[in-house]
>>> print(open('query16.csv').read())   # CSV, C-alpha atoms
chain,number,residue,atom,x,y,z
A,898,GLU,CA,7.3,21.5,14.8
A,899,LYS,CA,10.0,20.3,12.5
A,900,ASP,CA,8.9,20.0,8.9
A,901,ILE,CA,11.8,18.5,6.9
A,902,THR,CA,9.6,18.5,3.7
A,903,LYS,CA,9.2,22.3,3.9
A,904,ALA,CA,12.9,22.8,4.8
A,905,MET,CA,14.0,20.6,1.9
A,906,SER,CA,11.8,22.5,-0.5
A,907,TYR,CA,13.5,25.7,0.4
A,908,PHE,CA,16.9,24.2,0.2
A,909,GLU,CA,16.2,22.6,-3.2
A,910,LYS,CA,15.2,26.0,-4.6
A,911,ILE,CA,18.6,27.5,-3.9
A,912,SER,CA,20.9,24.4,-3.7
A,913,ASP,CA,22.5,24.7,-7.1
A,914,LYS,CA,23.9,28.1,-6.1
A,915,ASP,CA,24.3,27.9,-2.4
A,916,ALA,CA,26.8,25.7,-0.7
A,917,ALA,CA,25.1,26.1,2.7
A,918,ALA,CA,21.9,24.7,1.3
A,919,MET,CA,23.7,21.7,-0.3
A,920,ASN,CA,25.4,21.1,3.0
A,921,ALA,CA,22.1,21.2,4.9
A,922,MET,CA,20.5,18.8,2.4
A,923,GLY,CA,23.5,16.4,2.8
A,924,VAL,CA,23.2,16.4,6.6
A,925,LEU,CA,19.4,15.9,6.5
A,926,TYR,CA,19.7,12.9,4.1
A,927,TYR,CA,22.3,11.4,6.5
A,928,GLN,CA,20.2,12.1,9.7
A,929,ALA,CA,16.9,11.0,8.2
A,930,PRO,CA,15.3,7.9,9.6
A,931,ASP,CA,16.2,4.6,8.1
A,932,VAL,CA,13.8,3.2,5.5
A,933,PHE,CA,12.9,0.4,7.9
A,934,GLU,CA,12.0,2.8,10.8
A,935,THR,CA,8.5,2.3,12.1
A,936,ASP,CA,8.6,4.4,15.3
A,937,PRO,CA,6.1,7.3,14.7
A,938,VAL,CA,8.1,9.5,17.1
A,939,LYS,CA,11.3,9.1,15.0
A,940,LEU,CA,9.3,9.6,11.8
A,941,LEU,CA,7.6,12.8,13.0
A,942,GLY,CA,8.3,15.7,10.7
A,943,TRP,CA,10.3,13.8,8.1
A,944,GLY,CA,7.5,13.2,5.7
A,945,THR,CA,8.7,10.8,2.9
A,946,TYR,CA,12.4,11.6,3.5
A,947,ARG,CA,14.5,8.6,4.5
A,948,ARG,CA,18.2,8.1,5.0
A,949,ASP,CA,20.0,8.1,1.7
A,950,ILE,CA,23.8,7.9,2.1
A,951,LYS,CA,24.5,8.3,-1.6
A,952,LYS,CA,22.5,11.5,-1.8
A,953,SER,CA,24.2,12.7,1.4
A,954,TRP,CA,27.6,12.2,-0.1
A,955,LYS,CA,26.6,13.9,-3.4
A,956,PHE,CA,25.3,17.0,-1.7
A,957,LEU,CA,28.2,17.3,0.7
A,958,GLU,CA,30.8,16.8,-2.0
A,959,ASN,CA,29.1,19.4,-4.2
A,960,ALA,CA,29.1,21.8,-1.2
A,961,ALA,CA,32.7,21.1,-0.4
A,962,GLY,CA,33.5,21.7,-4.1
A,963,LYS,CA,32.1,25.2,-3.6
A,964,ASP,CA,34.5,25.7,-0.7
A,965,SER,CA,32.2,25.0,2.2
A,966,LEU,CA,34.2,24.5,5.4
A,967,HIS,CA,31.1,22.9,7.1
A,968,ALA,CA,30.7,20.4,4.2
A,969,ASN,CA,34.4,19.5,4.6
A,970,PHE,CA,33.8,18.9,8.3
A,971,ASN,CA,30.7,16.8,7.6
A,972,LEU,CA,32.5,14.8,4.9
A,973,GLY,CA,35.2,14.1,7.5
A,974,ALA,CA,32.6,12.9,9.9
A,975,LEU,CA,31.0,10.6,7.2
A,976,HIS,CA,34.4,9.1,6.6
A,977,LEU,CA,34.4,8.0,10.2
A,978,ASP,CA,31.0,6.1,10.0
A,979,PRO,CA,31.9,2.5,10.7
A,980,ASN,CA,28.6,1.4,9.1
A,981,ASP,CA,29.6,2.8,5.7
A,982,LYS,CA,32.2,0.2,4.7
A,983,GLU,CA,32.7,1.7,1.3
A,984,ASN,CA,33.7,5.2,2.5
A,985,PHE,CA,35.2,4.5,5.9
A,986,SER,CA,38.7,6.0,5.9
A,987,LEU,CA,40.7,7.6,8.8
A,988,SER,CA,43.1,9.3,6.4
A,989,LYS,CA,40.3,10.8,4.2
A,990,ALA,CA,38.6,12.0,7.4
A,991,TYR,CA,41.8,13.6,8.6
A,992,GLU,CA,42.2,15.4,5.2
A,993,LYS,CA,38.7,16.7,5.2
A,994,PHE,CA,39.0,17.9,8.9
A,995,LYS,CA,42.3,19.5,8.0
A,996,VAL,CA,40.8,21.5,5.1
A,997,SER,CA,38.1,23.0,7.3
A,998,ALA,CA,40.4,23.4,10.3
A,999,MET,CA,42.8,25.5,8.2
A,1000,ARG,CA,39.9,27.8,7.5
A,1001,GLY,CA,38.9,28.2,11.2
A,1002,HIS,CA,36.4,25.4,11.9
A,1003,PRO,CA,37.0,24.8,15.7
A,1004,ILE,CA,35.7,21.2,15.9
A,1005,SER,CA,37.7,20.3,12.9
A,1006,SER,CA,40.8,21.8,14.6
A,1007,TYR,CA,40.1,19.7,17.7
A,1008,ASN,CA,39.6,16.5,15.5
A,1009,VAL,CA,42.9,17.1,13.7
A,1010,GLY,CA,44.6,17.5,17.1
A,1011,VAL,CA,43.1,14.3,18.5
A,1012,MET,CA,43.9,12.4,15.3
A,1013,HIS,CA,47.6,13.5,15.5
A,1014,PHE,CA,47.8,12.7,19.2
A,1015,LEU,CA,46.4,9.2,18.6
A,1016,GLY,CA,48.0,8.6,15.2
A,1017,LEU,CA,44.6,8.1,13.5
A,1018,GLY,CA,44.7,8.7,9.7
A,1019,THR,CA,48.0,10.6,10.0
A,1020,PHE,CA,51.3,10.4,11.8
A,1021,LYS,CA,51.4,10.4,15.6
A,1022,SER,CA,52.5,13.7,17.0
A,1023,CYS,CA,52.0,15.5,20.3
>>> encode(input="query16.csv", output="structure tokens")
Amino acid sequence: EKDITKAMSYFEKISDKDAAAMNAMGVLYYQAPDVFETDPVKLLGWGTYRRDIKKSWKFLENAAGKDSLHANFNLGALHLDPNDKENFSLSKAYEKFKVSAMRGHPISSYNVGVMHFLGLGTFKSC
């Protein structure tokens, strides 16, 4: 069974030194159920953790600052969230994907290619 509370307690112990733990915490805060969620199935395993976009950004930016290619990919994905009006940016998403693609992240490489092909956040180029 998933136990996010236990997972987060492990990540919190090492997060100030470990970019992977920071990245995981950022992803979990983003994927957590909304504060208004009442479906017990969707709440199962999350304990008291609820979606917190600001915490998600903070952890992912800190992990990216420690050179995490996964955090850069995740930040790129967050920049594409249409519900986050404050941070939505095709060009910033492209830049984050490009950083992780240059270091070998395959999905980021694909995203950079698609964004070039469609001219999203960068110049159109086949």
>>> residues_around(input="query16.csv", residues="Ile950 of chain A", least_positions_apart="4", cutoff="7 Å", atoms="all atoms listed in the file", output="PyMOL selection string")
chain A and resi 926-927+954
>>> atom_distance(input="query16.csv", atom1="atom CA of Asp981 of chain A", atom2="atom CA of Phe956 of chain A")
16.6 Å
>>> closest_atom_pairs(input="query16.csv", of="segment 916-979 of chain A", to="segment 1013-1021 of chain A", cutoff="12 Å", atoms="only C-alpha atoms", output="Markdown table")
| residue | atom | partner | partner_atom | distance |
| --- | --- | --- | --- | --- |
| A:Gly973 | CA | A:Gly1018 | CA | 11.1 |
| A:His976 | CA | A:Gly1018 | CA | 10.8 |
| A:Leu977 | CA | A:Gly1018 | CA | 10.3 |
>>> closest_residue(input="query16.csv", among="A:Val938, A:Leu957, A:Ile901, A:Val932", to="Met919 of chain A", atoms="only C-alpha atoms")
A:Leu957
>>> atom_distance(input="query16.csv", atom1="atom CA of Ala968 of chain A", atom2="atom CA of Asn920 of chain A")
5.5 Å
>>> atom_distance(input="query16.csv", atom1="atom CA of Glu958 of chain A", atom2="atom CA of Ala904 of chain A")
20.1 Å
>>> closest_residue(input="query16.csv", among="A:Ile1004, A:Met922, A:Val1009, A:Ile911", to="Ala990 of chain A", atoms="all atoms listed in the file")
A:Val1009
>>> residues_near_point(input="query16.csv", point="(14.8, 16.6, -1.6)", cutoff="12 Å", atoms="all atoms listed in the file", output="ChimeraX atom specification")
/A:901-912,918-919,921-926,929,943-949,952-953,956
>>> residues_around(input="query16.csv", residues="Ala998 of chain A", least_positions_apart="4", cutoff="9 Å", atoms="all atoms listed in the file", output="list of chain:residue names")
A:Leu966, A:Phe970, A:Lys993, A:Phe994, A:His1002, A:Pro1003, A:Ile1004, A:Ser1005, A:Ser1006, A:Tyr1007, A:Asn1008, A:Val1009
>>> write_last_selection(input="query16.csv", atoms="C-alpha atoms", output="compact mmCIF listing (two decimals), in the coordinates of the input")
# COMPACT_ATOMS: atom_id res chain seq x y z
CA LEU A 966 34.20 24.50 5.40
CA PHE A 970 33.80 18.90 8.30
CA LYS A 993 38.70 16.70 5.20
CA PHE A 994 39.00 17.90 8.90
CA HIS A 1002 36.40 25.40 11.90
CA PRO A 1003 37.00 24.80 15.70
CA ILE A 1004 35.70 21.20 15.90
CA SER A 1005 37.70 20.30 12.90
CA SER A 1006 40.80 21.80 14.60
CA TYR A 1007 40.10 19.70 17.70
CA ASN A 1008 39.60 16.50 15.50
CA VAL A 1009 42.90 17.10 13.70
>>> closest_residue(input="query16.csv", among="A:Lys899, A:Lys963, A:Lys989, A:Lys914", to="Leu941 of chain A", atoms="all atoms listed in the file")
A:Lys899
>>> build_atoms(input="query16.csv", residues="segment 973-986 of chain A", atoms="N, CA and C atoms", output="PDB file, keeping the file's coordinate frame")
ATOM      1  N   GLY A 973      34.284  14.729   6.572  1.00  0.00           N
ATOM      2  CA  GLY A 973      35.200  14.100   7.500  1.00  0.00           C
ATOM      3  C   GLY A 973      34.483  13.168   8.463  1.00  0.00           C
ATOM      4  N   ALA A 974      33.371  13.660   8.993  1.00  0.00           N
ATOM      5  CA  ALA A 974      32.600  12.900   9.900  1.00  0.00           C
ATOM      6  C   ALA A 974      31.994  11.631   9.226  1.00  0.00           C
ATOM      7  N   LEU A 975      31.545  11.781   7.985  1.00  0.00           N
ATOM      8  CA  LEU A 975      31.000  10.600   7.200  1.00  0.00           C
ATOM      9  C   LEU A 975      32.073   9.582   6.991  1.00  0.00           C
ATOM     10  N   HIS A 976      33.303  10.021   6.768  1.00  0.00           N
ATOM     11  CA  HIS A 976      34.400   9.100   6.600  1.00  0.00           C
ATOM     12  C   HIS A 976      34.671   8.239   7.826  1.00  0.00           C
ATOM     13  N   LEU A 977      34.164   8.681   8.965  1.00  0.00           N
ATOM     14  CA  LEU A 977      34.400   8.000  10.200  1.00  0.00           C
ATOM     15  C   LEU A 977      33.210   7.032  10.579  1.00  0.00           C
ATOM     16  N   ASP A 978      32.195   6.977   9.732  1.00  0.00           N
ATOM     17  CA  ASP A 978      31.000   6.100  10.000  1.00  0.00           C
ATOM     18  C   ASP A 978      31.395   4.666   9.770  1.00  0.00           C
ATOM     19  N   PRO A 979      31.468   3.858  10.825  1.00  0.00           N
ATOM     20  CA  PRO A 979      31.900   2.500  10.700  1.00  0.00           C
ATOM     21  C   PRO A 979      30.845   1.616   9.906  1.00  0.00           C
ATOM     22  N   ASN A 980      29.618   2.108   9.798  1.00  0.00           N
ATOM     23  CA  ASN A 980      28.600   1.400   9.100  1.00  0.00           C
ATOM     24  C   ASN A 980      28.695   1.557   7.560  1.00  0.00           C
ATOM     25  N   ASP A 981      29.444   2.557   7.120  1.00  0.00           N
ATOM     26  CA  ASP A 981      29.600   2.800   5.700  1.00  0.00           C
ATOM     27  C   ASP A 981      30.975   2.250   5.263  1.00  0.00           C
ATOM     28  N   LYS A 982      30.991   0.949   5.057  1.00  0.00           N
ATOM     29  CA  LYS A 982      32.200   0.200   4.700  1.00  0.00           C
ATOM     30  C   LYS A 982      32.926   0.782   3.497  1.00  0.00           C
ATOM     31  N   GLU A 983      32.135   1.207   2.534  1.00  0.00           N
ATOM     32  CA  GLU A 983      32.700   1.700   1.300  1.00  0.00           C
ATOM     33  C   GLU A 983      33.492   2.980   1.421  1.00  0.00           C
ATOM     34  N   ASN A 984      33.070   3.855   2.341  1.00  0.00           N
ATOM     35  CA  ASN A 984      33.700   5.200   2.500  1.00  0.00           C
ATOM     36  C   ASN A 984      34.490   5.375   3.753  1.00  0.00           C
ATOM     37  N   PHE A 985      34.498   4.381   4.646  1.00  0.00           N
ATOM     38  CA  PHE A 985      35.200   4.500   5.900  1.00  0.00           C
ATOM     39  C   PHE A 985      36.717   4.697   5.611  1.00  0.00           C
ATOM     40  N   SER A 986      37.303   5.788   6.113  1.00  0.00           N
ATOM     41  CA  SER A 986      38.700   6.000   5.900  1.00  0.00           C
ATOM     42  C   SER A 986      39.214   7.068   6.916  1.00  0.00           C
TER      43      SER A 986
END
